[in-house]
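S.K.: Have a look at the structure that comes next, please.
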Amino acid sequence: MSGLLAGKRLLVTGVITDASIAFSVAKLAQENGAQVVLTGFGRMSLVERIAKRLPEPAPVIEVDVTNTEHLASLADRVREHVDGLDGVVHSIGFAPQSCLGGGFLDAPWEDVATALHVSTYSYKSLAMAALPLMSAGGAVVGLTFDATKAWPVYDWMGVAKAGLESASRYLALHLGKQGIRSNLVAAGPLRTIAAKSIPGFDQFEDAWTGRAPLGWSLTDQEPAARACLALLSDWFPATTGEIVHVDGGYHAIGA
Ligand SMILES: NC(=O)c1ccc[n+]([C@@H]2O[C@H](COP(=O)([O-])OP(=O)(O)OC[C@H]3O[C@@H](n4cnc5c(N)ncnc54)[C@H](O)[C@@H]3O)[C@@H](O)[C@H]2O)c1
């Protein structure tokens with residue numbers, strides 16, 4: 001098998017539709033020689049149906065990242081399909097409605113806690129659950145939305161992403177000795193289920209399509225997926241704790 005990820009064994013979380021960023025990552029990864037195991041959350045029959053649209057059939061295991069039993073059994077369940085992992089893709093985010101769309105000042109802690117558990121803490125939990133399979137080192141890659149700024153409607157999800165960006169650096173710090181790299185891709189706005197759940201998301205869409213120096217497609221997940229593949233590959237062997245912007249250059253320009 002040839003390709004950028006030839007011979008790599010990957011665990012890809014976060015597929016719920018074929019618009020999911022994770023779906024593009026899984027598809028491109030297979031096309032580039034990787035063996036892919038997917039995880040699904042909640043609507044397993046839907047995820048299994050979507051998985052059939054990949055170039056190769058991919059096994060799907062159920063993982064709710066807030067469920068300690070799912071995490072504890074993850075390595076054994078992945079081992080039924082592959083004998084180890086070279087990469088893990090965290091493509092997971094969720095915040096209750098109160099935390100989004102301008103609700104920053106009123107969202108209750110219980111809801112904020114859910115957002116942080118699913119979107120931030122899970123980056124570490126998932127990596128640790130997969131660690132027994134990564135004895136030869138490897139790469140963990142996650143997806144963020146530039147958390148260096150406060151965005152109008154992103155609210156607690158923005159705080160969760162700031163935490164994710166920090167968590168990725170700490171994971172890089174703590175797992176570096178084991179040859180494990182941790183990097184994030186900061187994608188521009190893309191029309192996925194997660195994005196559509198954010199009231200006022202169209203503000204991002206208008207800003208990006210109007211101002212990104214390279215232009216920006218709201219429906220093309222491939223640029224973000226390509227960056228994930230690059231970070232999973234052997235072509236970033238000395239890069240960890242990094243955030244690669246795949247946003248048409250939006251982050252680099254002033255108002
Ligand atoms: N769409 C965008 O504009 C955009 C931009 C930058 C970053 N991101 C990030 O990309 C990642 C993927 O999101 P997406 O846009 O592809 O949307 P998506 O809705 O397709 O994917 C989100 C995934 O999170 C999963 N998930 C939610 N709660 C979970 C839980 N408890 N356990 C396990 N999985 C759970 C869902 O099942 C879903 O598969 C997220 O981290 C998101 O914040 C998205």
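How things are named: the first chain in the structure tokens is A, the next is B, and so on; residues count from 1 in each chain; ligands count from 1 in the order shown.
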From a DSSP pass on the backbone, collect the residues of region 24-231 of chain A flagged as strand (DSSP E or B) and hand them back as a ChimeraX atom specification.

M.R.: /A:35-40,60-62,87-90,138-144,180-187

S.K.: Keeping N, CA, C and O atoms for every residue in the selection just given, could you write it to a file as an mmCIF file, in the first residue's frame?

M.R.:
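Heads up, here's the output in again_12.cif:
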```
data_model
loop_
_atom_site.group_PDB
_atom_site.id
_atom_site.type_symbol
_atom_site.label_atom_id
_atom_site.label_comp_id
_atom_site.auth_asym_id
_atom_site.auth_seq_id
_atom_site.Cartn_x
_atom_site.Cartn_y
_atom_site.Cartn_z
ATOM 1 N N GLN A 35 -5.108 2.225 7.667
ATOM 2 C CA GLN A 35 -6.183 1.355 8.124
ATOM 3 C C GLN A 35 -6.936 2.154 9.199
ATOM 4 O O GLN A 35 -6.298 2.698 10.118
ATOM 5 N N VAL A 36 -8.253 2.254 9.073
ATOM 6 C CA VAL A 36 -9.019 3.154 9.943
ATOM 7 C C VAL A 36 -10.039 2.381 10.776
ATOM 8 O O VAL A 36 -10.785 1.563 10.253
ATOM 9 N N VAL A 37 -10.036 2.664 12.073
ATOM 10 C CA VAL A 37 -11.117 2.214 12.955
ATOM 11 C C VAL A 37 -11.858 3.472 13.390
ATOM 12 O O VAL A 37 -11.237 4.462 13.794
ATOM 13 N N LEU A 38 -13.188 3.459 13.267
ATOM 14 C CA LEU A 38 -13.985 4.621 13.658
ATOM 15 C C LEU A 38 -14.571 4.417 15.041
ATOM 16 O O LEU A 38 -14.810 3.284 15.466
ATOM 17 N N THR A 39 -14.846 5.539 15.717
ATOM 18 C CA THR A 39 -15.707 5.446 16.893
ATOM 19 C C THR A 39 -16.972 6.234 16.598
ATOM 20 O O THR A 39 -16.945 7.216 15.845
ATOM 21 N N GLY A 40 -18.066 5.797 17.196
ATOM 22 C CA GLY A 40 -19.336 6.501 17.050
ATOM 23 C C GLY A 40 -19.913 6.812 18.417
ATOM 24 O O GLY A 40 -19.585 6.149 19.404
ATOM 25 N N VAL A 60 -16.652 0.089 13.388
ATOM 26 C CA VAL A 60 -17.069 1.204 14.248
ATOM 27 C C VAL A 60 -17.249 0.685 15.666
ATOM 28 O O VAL A 60 -17.964 -0.296 15.880
ATOM 29 N N ILE A 61 -16.596 1.317 16.613
ATOM 30 C CA ILE A 61 -16.828 0.962 18.012
ATOM 31 C C ILE A 61 -17.503 2.137 18.718
ATOM 32 O O ILE A 61 -17.315 3.291 18.332
ATOM 33 N N GLU A 62 -18.292 1.837 19.735
ATOM 34 C CA GLU A 62 -19.037 2.899 20.414
ATOM 35 C C GLU A 62 -18.188 3.543 21.502
ATOM 36 O O GLU A 62 -17.657 2.843 22.370
ATOM 37 N N GLY A 87 -1.959 6.541 15.227
ATOM 38 C CA GLY A 87 -2.559 7.873 15.309
ATOM 39 C C GLY A 87 -3.969 7.831 15.847
ATOM 40 O O GLY A 87 -4.690 6.843 15.684
ATOM 41 N N VAL A 88 -4.345 8.930 16.519
ATOM 42 C CA VAL A 88 -5.698 9.086 17.067
ATOM 43 C C VAL A 88 -6.204 10.462 16.649
ATOM 44 O O VAL A 88 -5.489 11.463 16.804
ATOM 45 N N VAL A 89 -7.411 10.504 16.097
ATOM 46 C CA VAL A 89 -8.014 11.786 15.706
ATOM 47 C C VAL A 89 -9.184 12.087 16.633
ATOM 48 O O VAL A 89 -10.132 11.309 16.720
ATOM 49 N N HIS A 90 -9.069 13.205 17.338
ATOM 50 C CA HIS A 90 -10.143 13.685 18.220
ATOM 51 C C HIS A 90 -10.913 14.750 17.441
ATOM 52 O O HIS A 90 -10.396 15.837 17.195
ATOM 53 N N GLY A 138 3.509 7.813 18.255
ATOM 54 C CA GLY A 138 2.469 8.121 17.279
ATOM 55 C C GLY A 138 2.013 9.549 17.406
ATOM 56 O O GLY A 138 2.704 10.393 17.986
ATOM 57 N N ALA A 139 0.826 9.818 16.846
ATOM 58 C CA ALA A 139 0.341 11.197 16.794
ATOM 59 C C ALA A 139 -1.111 11.276 17.263
ATOM 60 O O ALA A 139 -1.926 10.424 16.912
ATOM 61 N N VAL A 140 -1.396 12.301 18.058
ATOM 62 C CA VAL A 140 -2.775 12.631 18.406
ATOM 63 C C VAL A 140 -3.074 13.968 17.738
ATOM 64 O O VAL A 140 -2.267 14.907 17.835
ATOM 65 N N VAL A 141 -4.205 14.035 17.035
ATOM 66 C CA VAL A 141 -4.573 15.269 16.333
ATOM 67 C C VAL A 141 -6.010 15.628 16.688
ATOM 68 O O VAL A 141 -6.892 14.764 16.678
ATOM 69 N N GLY A 142 -6.230 16.901 17.023
ATOM 70 C CA GLY A 142 -7.581 17.364 17.342
ATOM 71 C C GLY A 142 -7.958 18.579 16.512
ATOM 72 O O GLY A 142 -7.124 19.148 15.788
ATOM 73 N N LEU A 143 -9.230 18.973 16.635
ATOM 74 C CA LEU A 143 -9.749 20.106 15.856
ATOM 75 C C LEU A 143 -10.149 21.232 16.797
ATOM 76 O O LEU A 143 -10.912 21.009 17.744
ATOM 77 N N THR A 144 -9.645 22.435 16.516
ATOM 78 C CA THR A 144 -10.049 23.589 17.310
ATOM 79 C C THR A 144 -10.604 24.672 16.401
ATOM 80 O O THR A 144 -10.559 24.566 15.167
ATOM 81 N N ILE A 180 5.094 10.408 21.496
ATOM 82 C CA ILE A 180 3.743 10.754 21.027
ATOM 83 C C ILE A 180 3.634 12.266 20.859
ATOM 84 O O ILE A 180 3.936 13.034 21.774
ATOM 85 N N ARG A 181 3.239 12.674 19.662
ATOM 86 C CA ARG A 181 3.059 14.093 19.338
ATOM 87 C C ARG A 181 1.588 14.465 19.493
ATOM 88 O O ARG A 181 0.707 13.618 19.264
ATOM 89 N N SER A 182 1.328 15.723 19.868
ATOM 90 C CA SER A 182 -0.049 16.203 20.002
ATOM 91 C C SER A 182 -0.166 17.540 19.287
ATOM 92 O O SER A 182 0.516 18.506 19.642
ATOM 93 N N ASN A 183 -1.005 17.594 18.286
ATOM 94 C CA ASN A 183 -1.163 18.825 17.511
ATOM 95 C C ASN A 183 -2.632 19.043 17.148
ATOM 96 O O ASN A 183 -3.416 18.086 17.091
ATOM 97 N N LEU A 184 -2.976 20.316 16.907
ATOM 98 C CA LEU A 184 -4.354 20.665 16.559
ATOM 99 C C LEU A 184 -4.401 21.354 15.199
ATOM 100 O O LEU A 184 -3.453 22.043 14.812
ATOM 101 N N VAL A 185 -5.539 21.186 14.544
ATOM 102 C CA VAL A 185 -5.840 21.951 13.341
ATOM 103 C C VAL A 185 -6.934 22.957 13.700
ATOM 104 O O VAL A 185 -7.987 22.564 14.226
ATOM 105 N N ALA A 186 -6.671 24.244 13.480
ATOM 106 C CA ALA A 186 -7.675 25.286 13.725
ATOM 107 C C ALA A 186 -8.382 25.566 12.404
ATOM 108 O O ALA A 186 -7.872 26.293 11.544
ATOM 109 N N ALA A 187 -9.552 24.947 12.265
ATOM 110 C CA ALA A 187 -10.285 25.058 10.994
ATOM 111 C C ALA A 187 -11.155 26.310 10.978
ATOM 112 O O ALA A 187 -11.637 26.759 12.020
#
```

S.K.: Can you tell me which residues surround Thr120 (chain A) at a distance of at most 7 Å, considering only C-alpha atoms, apart from same-chain residues fewer than 5 positions away, and format the answer as a PyMOL selection string?

M.R.: chain A and resi 160-161+163-164

S.K.: Just want the 7 Å neighbourhood of Thr192 (chain A), counted on only C-alpha atoms, with same-chain residues fewer than 3 positions away dropped. Output as a VMD selection string.

M.R.: chain A and resid 19 to 20 195 to 196

S.K.: For the residues in the current selection, export all heavy atoms as a PDB file, in the first residue's frame.

M.R.:
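And here's selection-v7.pdb as it stands now:
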```pdb
ATOM      1  N   ALA A  19     -20.673  14.942   6.189  1.00  0.00           N
ATOM      2  CA  ALA A  19     -20.108  16.304   6.236  1.00  0.00           C
ATOM      3  C   ALA A  19     -19.162  16.473   7.426  1.00  0.00           C
ATOM      4  O   ALA A  19     -18.471  17.491   7.522  1.00  0.00           O
ATOM      5  CB  ALA A  19     -21.233  17.334   6.336  1.00  0.00           C
ATOM      6  N   SER A  20     -19.135  15.496   8.339  1.00  0.00           N
ATOM      7  CA  SER A  20     -18.235  15.592   9.499  1.00  0.00           C
ATOM      8  C   SER A  20     -16.788  15.737   9.022  1.00  0.00           C
ATOM      9  O   SER A  20     -16.373  15.051   8.080  1.00  0.00           O
ATOM     10  CB  SER A  20     -18.319  14.323  10.353  1.00  0.00           C
ATOM     11  OG  SER A  20     -19.591  14.184  10.934  1.00  0.00           O
ATOM     12  N   ALA A 195     -21.667  22.686  13.815  1.00  0.00           N
ATOM     13  CA  ALA A 195     -21.714  24.107  13.474  1.00  0.00           C
ATOM     14  C   ALA A 195     -23.150  24.608  13.421  1.00  0.00           C
ATOM     15  O   ALA A 195     -23.459  25.698  13.916  1.00  0.00           O
ATOM     16  CB  ALA A 195     -21.024  24.332  12.129  1.00  0.00           C
ATOM     17  N   LYS A 196     -24.028  23.786  12.857  1.00  0.00           N
ATOM     18  CA  LYS A 196     -25.421  24.225  12.708  1.00  0.00           C
ATOM     19  C   LYS A 196     -26.111  24.371  14.065  1.00  0.00           C
ATOM     20  O   LYS A 196     -27.148  25.026  14.165  1.00  0.00           O
ATOM     21  CB  LYS A 196     -26.185  23.235  11.812  1.00  0.00           C
ATOM     22  CG  LYS A 196     -25.817  23.394  10.338  1.00  0.00           C
ATOM     23  CD  LYS A 196     -26.560  22.368   9.486  1.00  0.00           C
ATOM     24  CE  LYS A 196     -25.962  22.293   8.086  1.00  0.00           C
ATOM     25  NZ  LYS A 196     -26.199  20.991   7.451  1.00  0.00           N
TER      26      LYS A 196
END
```

S.K.: Which neighbours of His251 (chain A) fall inside 10 Å, counting only C-alpha atoms, when residues of the same chain fewer than 6 positions from it are skipped, and could you give them as a compact mmCIF listing (two decimals) with C-alpha atoms, in the first residue's frame?

M.R.:
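Wrote it out as result23.txt, contents follow:
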```txt
# COMPACT_ATOMS: atom_id res chain seq x y z
CA ASP A 146 -9.06 29.69 16.97
CA THR A 148 -7.14 33.33 20.94
CA LYS A 149 -10.16 35.61 20.39
CA ALA A 186 -7.68 25.29 13.72
CA GLY A 188 -12.39 27.89 9.62
CA TRP A 208 -14.88 34.18 6.41
CA ALA A 212 -10.22 35.21 4.25
CA PRO A 213 -7.26 36.12 2.01
CA HIS A 245 -4.52 27.18 10.98
```

S.K.: Could you tell me, counting only C-alpha atoms and all ligand atoms, which protein and nucleic acid residues lie no more than 6 Å from ligand 1, written as a count of residues only?

M.R.: 30

S.K.: Within 12 Å of Glu31 (chain A), counting only C-alpha atoms, which residues show up once you throw out same-chain ones fewer than 4 positions away? Write them as a PDB file with all heavy atoms, in the first residue's frame, please.

M.R.:
```pdb
ATOM      1  N   MET A   1       0.847  -1.212   0.000  1.00  0.00           N
ATOM      2  CA  MET A   1       0.000   0.000   0.000  1.00  0.00           C
ATOM      3  C   MET A   1       0.873   1.249   0.000  1.00  0.00           C
ATOM      4  O   MET A   1       1.799   1.352   0.798  1.00  0.00           O
ATOM      5  CB  MET A   1      -0.902  -0.037   1.240  1.00  0.00           C
ATOM      6  CG  MET A   1      -1.859   1.135   1.390  1.00  0.00           C
ATOM      7  SD  MET A   1      -3.094   1.325   0.082  1.00  0.00           S
ATOM      8  CE  MET A   1      -4.430   0.318   0.723  1.00  0.00           C
ATOM      9  N   SER A   2       0.603   2.179  -0.923  1.00  0.00           N
ATOM     10  CA  SER A   2       1.400   3.407  -0.948  1.00  0.00           C
ATOM     11  C   SER A   2       0.553   4.565  -0.428  1.00  0.00           C
ATOM     12  O   SER A   2      -0.626   4.425  -0.164  1.00  0.00           O
ATOM     13  CB  SER A   2       1.861   3.687  -2.378  1.00  0.00           C
ATOM     14  OG  SER A   2       0.716   3.859  -3.176  1.00  0.00           O
ATOM     15  N   GLY A   3       1.185   5.718  -0.281  1.00  0.00           N
ATOM     16  CA  GLY A   3       0.460   6.894   0.185  1.00  0.00           C
ATOM     17  C   GLY A   3       1.100   7.471   1.430  1.00  0.00           C
ATOM     18  O   GLY A   3       1.930   6.837   2.076  1.00  0.00           O
ATOM     19  N   LEU A   4       0.671   8.691   1.759  1.00  0.00           N
ATOM     20  CA  LEU A   4       1.240   9.437   2.882  1.00  0.00           C
ATOM     21  C   LEU A   4       1.166   8.667   4.196  1.00  0.00           C
ATOM     22  O   LEU A   4       2.047   8.778   5.044  1.00  0.00           O
ATOM     23  CB  LEU A   4       0.463  10.763   3.024  1.00  0.00           C
ATOM     24  CG  LEU A   4       0.966  11.771   4.042  1.00  0.00           C
ATOM     25  CD1 LEU A   4       2.300  12.360   3.603  1.00  0.00           C
ATOM     26  CD2 LEU A   4      -0.058  12.888   4.230  1.00  0.00           C
ATOM     27  N   LEU A   5       0.095   7.888   4.362  1.00  0.00           N
ATOM     28  CA  LEU A   5      -0.101   7.170   5.630  1.00  0.00           C
ATOM     29  C   LEU A   5       0.014   5.653   5.453  1.00  0.00           C
ATOM     30  O   LEU A   5      -0.591   4.901   6.211  1.00  0.00           O
ATOM     31  CB  LEU A   5      -1.464   7.528   6.231  1.00  0.00           C
ATOM     32  CG  LEU A   5      -1.680   9.003   6.599  1.00  0.00           C
ATOM     33  CD1 LEU A   5      -3.068   9.194   7.227  1.00  0.00           C
ATOM     34  CD2 LEU A   5      -0.615   9.505   7.570  1.00  0.00           C
ATOM     35  N   ALA A   6       0.791   5.240   4.479  1.00  0.00           N
ATOM     36  CA  ALA A   6       0.915   3.803   4.207  1.00  0.00           C
ATOM     37  C   ALA A   6       1.307   3.048   5.471  1.00  0.00           C
ATOM     38  O   ALA A   6       2.269   3.409   6.148  1.00  0.00           O
ATOM     39  CB  ALA A   6       1.960   3.583   3.117  1.00  0.00           C
ATOM     40  N   GLY A   7       0.528   2.032   5.785  1.00  0.00           N
ATOM     41  CA  GLY A   7       0.841   1.174   6.930  1.00  0.00           C
ATOM     42  C   GLY A   7       0.400   1.738   8.277  1.00  0.00           C
ATOM     43  O   GLY A   7       0.528   1.062   9.297  1.00  0.00           O
ATOM     44  N   LYS A   8      -0.139   2.945   8.315  1.00  0.00           N
ATOM     45  CA  LYS A   8      -0.541   3.526   9.604  1.00  0.00           C
ATOM     46  C   LYS A   8      -1.915   2.997  10.013  1.00  0.00           C
ATOM     47  O   LYS A   8      -2.809   2.834   9.190  1.00  0.00           O
ATOM     48  CB  LYS A   8      -0.610   5.057   9.519  1.00  0.00           C
ATOM     49  CG  LYS A   8       0.692   5.699   9.105  1.00  0.00           C
ATOM     50  CD  LYS A   8       1.405   6.294  10.297  1.00  0.00           C
ATOM     51  CE  LYS A   8       2.617   7.072   9.896  1.00  0.00           C
ATOM     52  NZ  LYS A   8       3.848   6.558  10.504  1.00  0.00           N
ATOM     53  N   SER A  24     -14.128  13.180   6.352  1.00  0.00           N
ATOM     54  CA  SER A  24     -13.116  13.522   5.336  1.00  0.00           C
ATOM     55  C   SER A  24     -11.739  13.005   5.734  1.00  0.00           C
ATOM     56  O   SER A  24     -10.968  12.550   4.881  1.00  0.00           O
ATOM     57  CB  SER A  24     -13.037  15.039   5.137  1.00  0.00           C
ATOM     58  OG  SER A  24     -14.162  15.490   4.464  1.00  0.00           O
ATOM     59  N   VAL A  25     -11.435  13.084   7.036  1.00  0.00           N
ATOM     60  CA  VAL A  25     -10.139  12.569   7.498  1.00  0.00           C
ATOM     61  C   VAL A  25     -10.069  11.061   7.240  1.00  0.00           C
ATOM     62  O   VAL A  25      -9.072  10.559   6.689  1.00  0.00           O
ATOM     63  CB  VAL A  25      -9.936  12.853   9.009  1.00  0.00           C
ATOM     64  CG1 VAL A  25      -8.666  12.176   9.517  1.00  0.00           C
ATOM     65  CG2 VAL A  25      -9.884  14.355   9.278  1.00  0.00           C
ATOM     66  N   ALA A  26     -11.122  10.335   7.610  1.00  0.00           N
ATOM     67  CA  ALA A  26     -11.119   8.876   7.446  1.00  0.00           C
ATOM     68  C   ALA A  26     -11.007   8.503   5.963  1.00  0.00           C
ATOM     69  O   ALA A  26     -10.250   7.593   5.589  1.00  0.00           O
ATOM     70  CB  ALA A  26     -12.388   8.283   8.058  1.00  0.00           C
ATOM     71  N   LYS A  27     -11.737   9.212   5.119  1.00  0.00           N
ATOM     72  CA  LYS A  27     -11.736   8.912   3.682  1.00  0.00           C
ATOM     73  C   LYS A  27     -10.338   9.151   3.085  1.00  0.00           C
ATOM     74  O   LYS A  27      -9.766   8.261   2.443  1.00  0.00           O
ATOM     75  CB  LYS A  27     -12.779   9.806   2.995  1.00  0.00           C
ATOM     76  CG  LYS A  27     -12.869   9.683   1.502  1.00  0.00           C
ATOM     77  CD  LYS A  27     -14.085  10.473   1.002  1.00  0.00           C
ATOM     78  CE  LYS A  27     -14.202  10.440  -0.505  1.00  0.00           C
ATOM     79  NZ  LYS A  27     -13.217  11.288  -1.180  1.00  0.00           N
ATOM     80  N   GLN A  35      -5.108   2.225   7.667  1.00  0.00           N
ATOM     81  CA  GLN A  35      -6.183   1.355   8.124  1.00  0.00           C
ATOM     82  C   GLN A  35      -6.936   2.154   9.199  1.00  0.00           C
ATOM     83  O   GLN A  35      -6.298   2.698  10.118  1.00  0.00           O
ATOM     84  CB  GLN A  35      -5.548   0.121   8.741  1.00  0.00           C
ATOM     85  CG  GLN A  35      -6.443  -1.075   8.803  1.00  0.00           C
ATOM     86  CD  GLN A  35      -5.703  -2.267   9.397  1.00  0.00           C
ATOM     87  OE1 GLN A  35      -4.467  -2.298   9.444  1.00  0.00           O
ATOM     88  NE2 GLN A  35      -6.456  -3.233   9.858  1.00  0.00           N
ATOM     89  N   VAL A  36      -8.253   2.254   9.073  1.00  0.00           N
ATOM     90  CA  VAL A  36      -9.019   3.154   9.943  1.00  0.00           C
ATOM     91  C   VAL A  36     -10.039   2.381  10.776  1.00  0.00           C
ATOM     92  O   VAL A  36     -10.785   1.563  10.253  1.00  0.00           O
ATOM     93  CB  VAL A  36      -9.763   4.221   9.095  1.00  0.00           C
ATOM     94  CG1 VAL A  36     -10.719   5.044   9.952  1.00  0.00           C
ATOM     95  CG2 VAL A  36      -8.756   5.132   8.386  1.00  0.00           C
ATOM     96  N   LEU A  54     -17.377   5.069   3.085  1.00  0.00           N
ATOM     97  CA  LEU A  54     -15.924   5.225   2.947  1.00  0.00           C
ATOM     98  C   LEU A  54     -15.412   4.317   1.839  1.00  0.00           C
ATOM     99  O   LEU A  54     -16.064   3.314   1.511  1.00  0.00           O
ATOM    100  CB  LEU A  54     -15.235   4.867   4.270  1.00  0.00           C
ATOM    101  CG  LEU A  54     -15.433   5.870   5.405  1.00  0.00           C
ATOM    102  CD1 LEU A  54     -14.945   5.296   6.732  1.00  0.00           C
ATOM    103  CD2 LEU A  54     -14.726   7.181   5.092  1.00  0.00           C
ATOM    104  N   PRO A  55     -14.242   4.609   1.290  1.00  0.00           N
ATOM    105  CA  PRO A  55     -13.706   3.753   0.232  1.00  0.00           C
ATOM    106  C   PRO A  55     -13.578   2.299   0.667  1.00  0.00           C
ATOM    107  O   PRO A  55     -13.812   1.380  -0.122  1.00  0.00           O
ATOM    108  CB  PRO A  55     -12.327   4.359  -0.057  1.00  0.00           C
ATOM    109  CG  PRO A  55     -12.364   5.745   0.484  1.00  0.00           C
ATOM    110  CD  PRO A  55     -13.395   5.782   1.560  1.00  0.00           C
ATOM    111  N   GLU A  56     -13.199   2.074   1.935  1.00  0.00           N
ATOM    112  CA  GLU A  56     -13.070   0.710   2.479  1.00  0.00           C
ATOM    113  C   GLU A  56     -14.017   0.600   3.664  1.00  0.00           C
ATOM    114  O   GLU A  56     -14.150   1.576   4.421  1.00  0.00           O
ATOM    115  CB  GLU A  56     -11.654   0.474   3.034  1.00  0.00           C
ATOM    116  CG  GLU A  56     -10.532   0.745   2.076  1.00  0.00           C
ATOM    117  CD  GLU A  56     -10.341  -0.412   1.128  1.00  0.00           C
ATOM    118  OE1 GLU A  56     -10.691  -1.554   1.504  1.00  0.00           O
ATOM    119  OE2 GLU A  56      -9.872  -0.167   0.006  1.00  0.00           O
ATOM    120  N   ARG A 226      -6.793  17.375   5.136  1.00  0.00           N
ATOM    121  CA  ARG A 226      -5.422  17.208   4.620  1.00  0.00           C
ATOM    122  C   ARG A 226      -4.391  17.580   5.683  1.00  0.00           C
ATOM    123  O   ARG A 226      -3.352  16.929   5.821  1.00  0.00           O
ATOM    124  CB  ARG A 226      -5.204  18.092   3.389  1.00  0.00           C
ATOM    125  CG  ARG A 226      -5.757  17.484   2.131  1.00  0.00           C
ATOM    126  CD  ARG A 226      -5.514  18.422   0.963  1.00  0.00           C
ATOM    127  NE  ARG A 226      -5.953  17.790  -0.263  1.00  0.00           N
ATOM    128  CZ  ARG A 226      -5.144  17.445  -1.266  1.00  0.00           C
ATOM    129  NH1 ARG A 226      -3.865  17.709  -1.215  1.00  0.00           N
ATOM    130  NH2 ARG A 226      -5.617  16.846  -2.333  1.00  0.00           N
ATOM    131  N   LEU A 229      -4.071  14.837   8.114  1.00  0.00           N
ATOM    132  CA  LEU A 229      -3.250  13.746   7.570  1.00  0.00           C
ATOM    133  C   LEU A 229      -1.764  14.078   7.672  1.00  0.00           C
ATOM    134  O   LEU A 229      -0.946  13.237   8.054  1.00  0.00           O
ATOM    135  CB  LEU A 229      -3.610  13.497   6.099  1.00  0.00           C
ATOM    136  CG  LEU A 229      -4.438  12.237   5.841  1.00  0.00           C
ATOM    137  CD1 LEU A 229      -5.829  12.391   6.422  1.00  0.00           C
ATOM    138  CD2 LEU A 229      -4.515  11.907   4.367  1.00  0.00           C
TER     139      LEU A 229
END
```

S.K.: Mind listing the alpha helix (DSSP H) residues of region 40-118 of chain A, per DSSP on the backbone, as a list in words?

M.R.: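 Taking region 40-118 of chain A and keeping alpha helix (DSSP H) only, one gets Met44, Ser45, Leu46, Val47, Glu48, Arg49, Ile50, Ala51, Thr68, Glu69, His70, Leu71, Ala72, Leu74, Ala75, Asp76, Arg77, Val78, Arg79, Trp109, Glu110, Asp111, Val112, Ala113, Thr114, Ala115 and Leu116 of chain A.
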
S.K.: Find the residue from A:Glu80, A:Asp220, A:Asp202, A:Asp234 that sits nearest to Gly137 (chain A); use only C-alpha atoms when measuring.

M.R.: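 Looking at the shortest contact to Gly137 (chain A), the residue is A:Asp234.
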
S.K.: So, with only C-alpha atoms as the atoms that count, which of A:Met157, A:Ala227, A:Met128, A:Val246 lies closest to Leu28 (chain A)?

M.R.: A:Ala227

S.K.: Applying 8 Å and only C-alpha atoms, which residues near Ile198 (chain A) remain after dropping the ones on its own chain fewer than 4 positions away? List them as a ChimeraX atom specification.

M.R.: /A:97,100-101,153-154,194

S.K.: Based on the selection just made, write N, CA and C atoms of those residues as an mmCIF file, in the first residue's frame.

M.R.:
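Saved file again27.cif follows:
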```cif
data_model
loop_
_atom_site.group_PDB
_atom_site.id
_atom_site.type_symbol
_atom_site.label_atom_id
_atom_site.label_comp_id
_atom_site.auth_asym_id
_atom_site.auth_seq_id
_atom_site.Cartn_x
_atom_site.Cartn_y
_atom_site.Cartn_z
ATOM 1 N N GLN A 97 -27.131 24.173 24.494
ATOM 2 C CA GLN A 97 -27.555 25.419 23.838
ATOM 3 C C GLN A 97 -27.334 26.660 24.702
ATOM 4 N N LEU A 100 -24.122 28.676 24.139
ATOM 5 C CA LEU A 100 -23.809 29.211 22.801
ATOM 6 C C LEU A 100 -24.734 30.378 22.453
ATOM 7 N N GLY A 101 -24.428 31.049 21.346
ATOM 8 C CA GLY A 101 -25.362 32.019 20.789
ATOM 9 C C GLY A 101 -25.570 33.261 21.636
ATOM 10 N N VAL A 153 -20.725 34.568 18.983
ATOM 11 C CA VAL A 153 -21.729 33.585 19.403
ATOM 12 C C VAL A 153 -21.139 32.270 19.906
ATOM 13 N N TYR A 154 -19.825 32.215 20.033
ATOM 14 C CA TYR A 154 -19.170 30.929 20.350
ATOM 15 C C TYR A 154 -19.144 30.680 21.863
ATOM 16 N N ALA A 194 -22.381 20.000 14.143
ATOM 17 C CA ALA A 194 -21.913 20.771 15.302
ATOM 18 C C ALA A 194 -22.025 22.268 15.022
#
```

S.K.: Check the smallest atom-to-atom distance from each of A:Leu173, A:Ala136, A:Leu126, A:Leu85 to Ser73 (chain A) using only C-alpha atoms, then report the winner.

M.R.: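 Once distances to Ser73 (chain A) are computed over only C-alpha atoms, the minimum belongs to A:Leu126.
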
S.K.: May I ask which of the residues A:Pro132, A:Pro108, A:Gly103, A:Pro96 is the closest one to Arg77 (chain A), counting only C-alpha atoms?

M.R.: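 Smallest distance to Arg77 (chain A) is found for A:Pro132.
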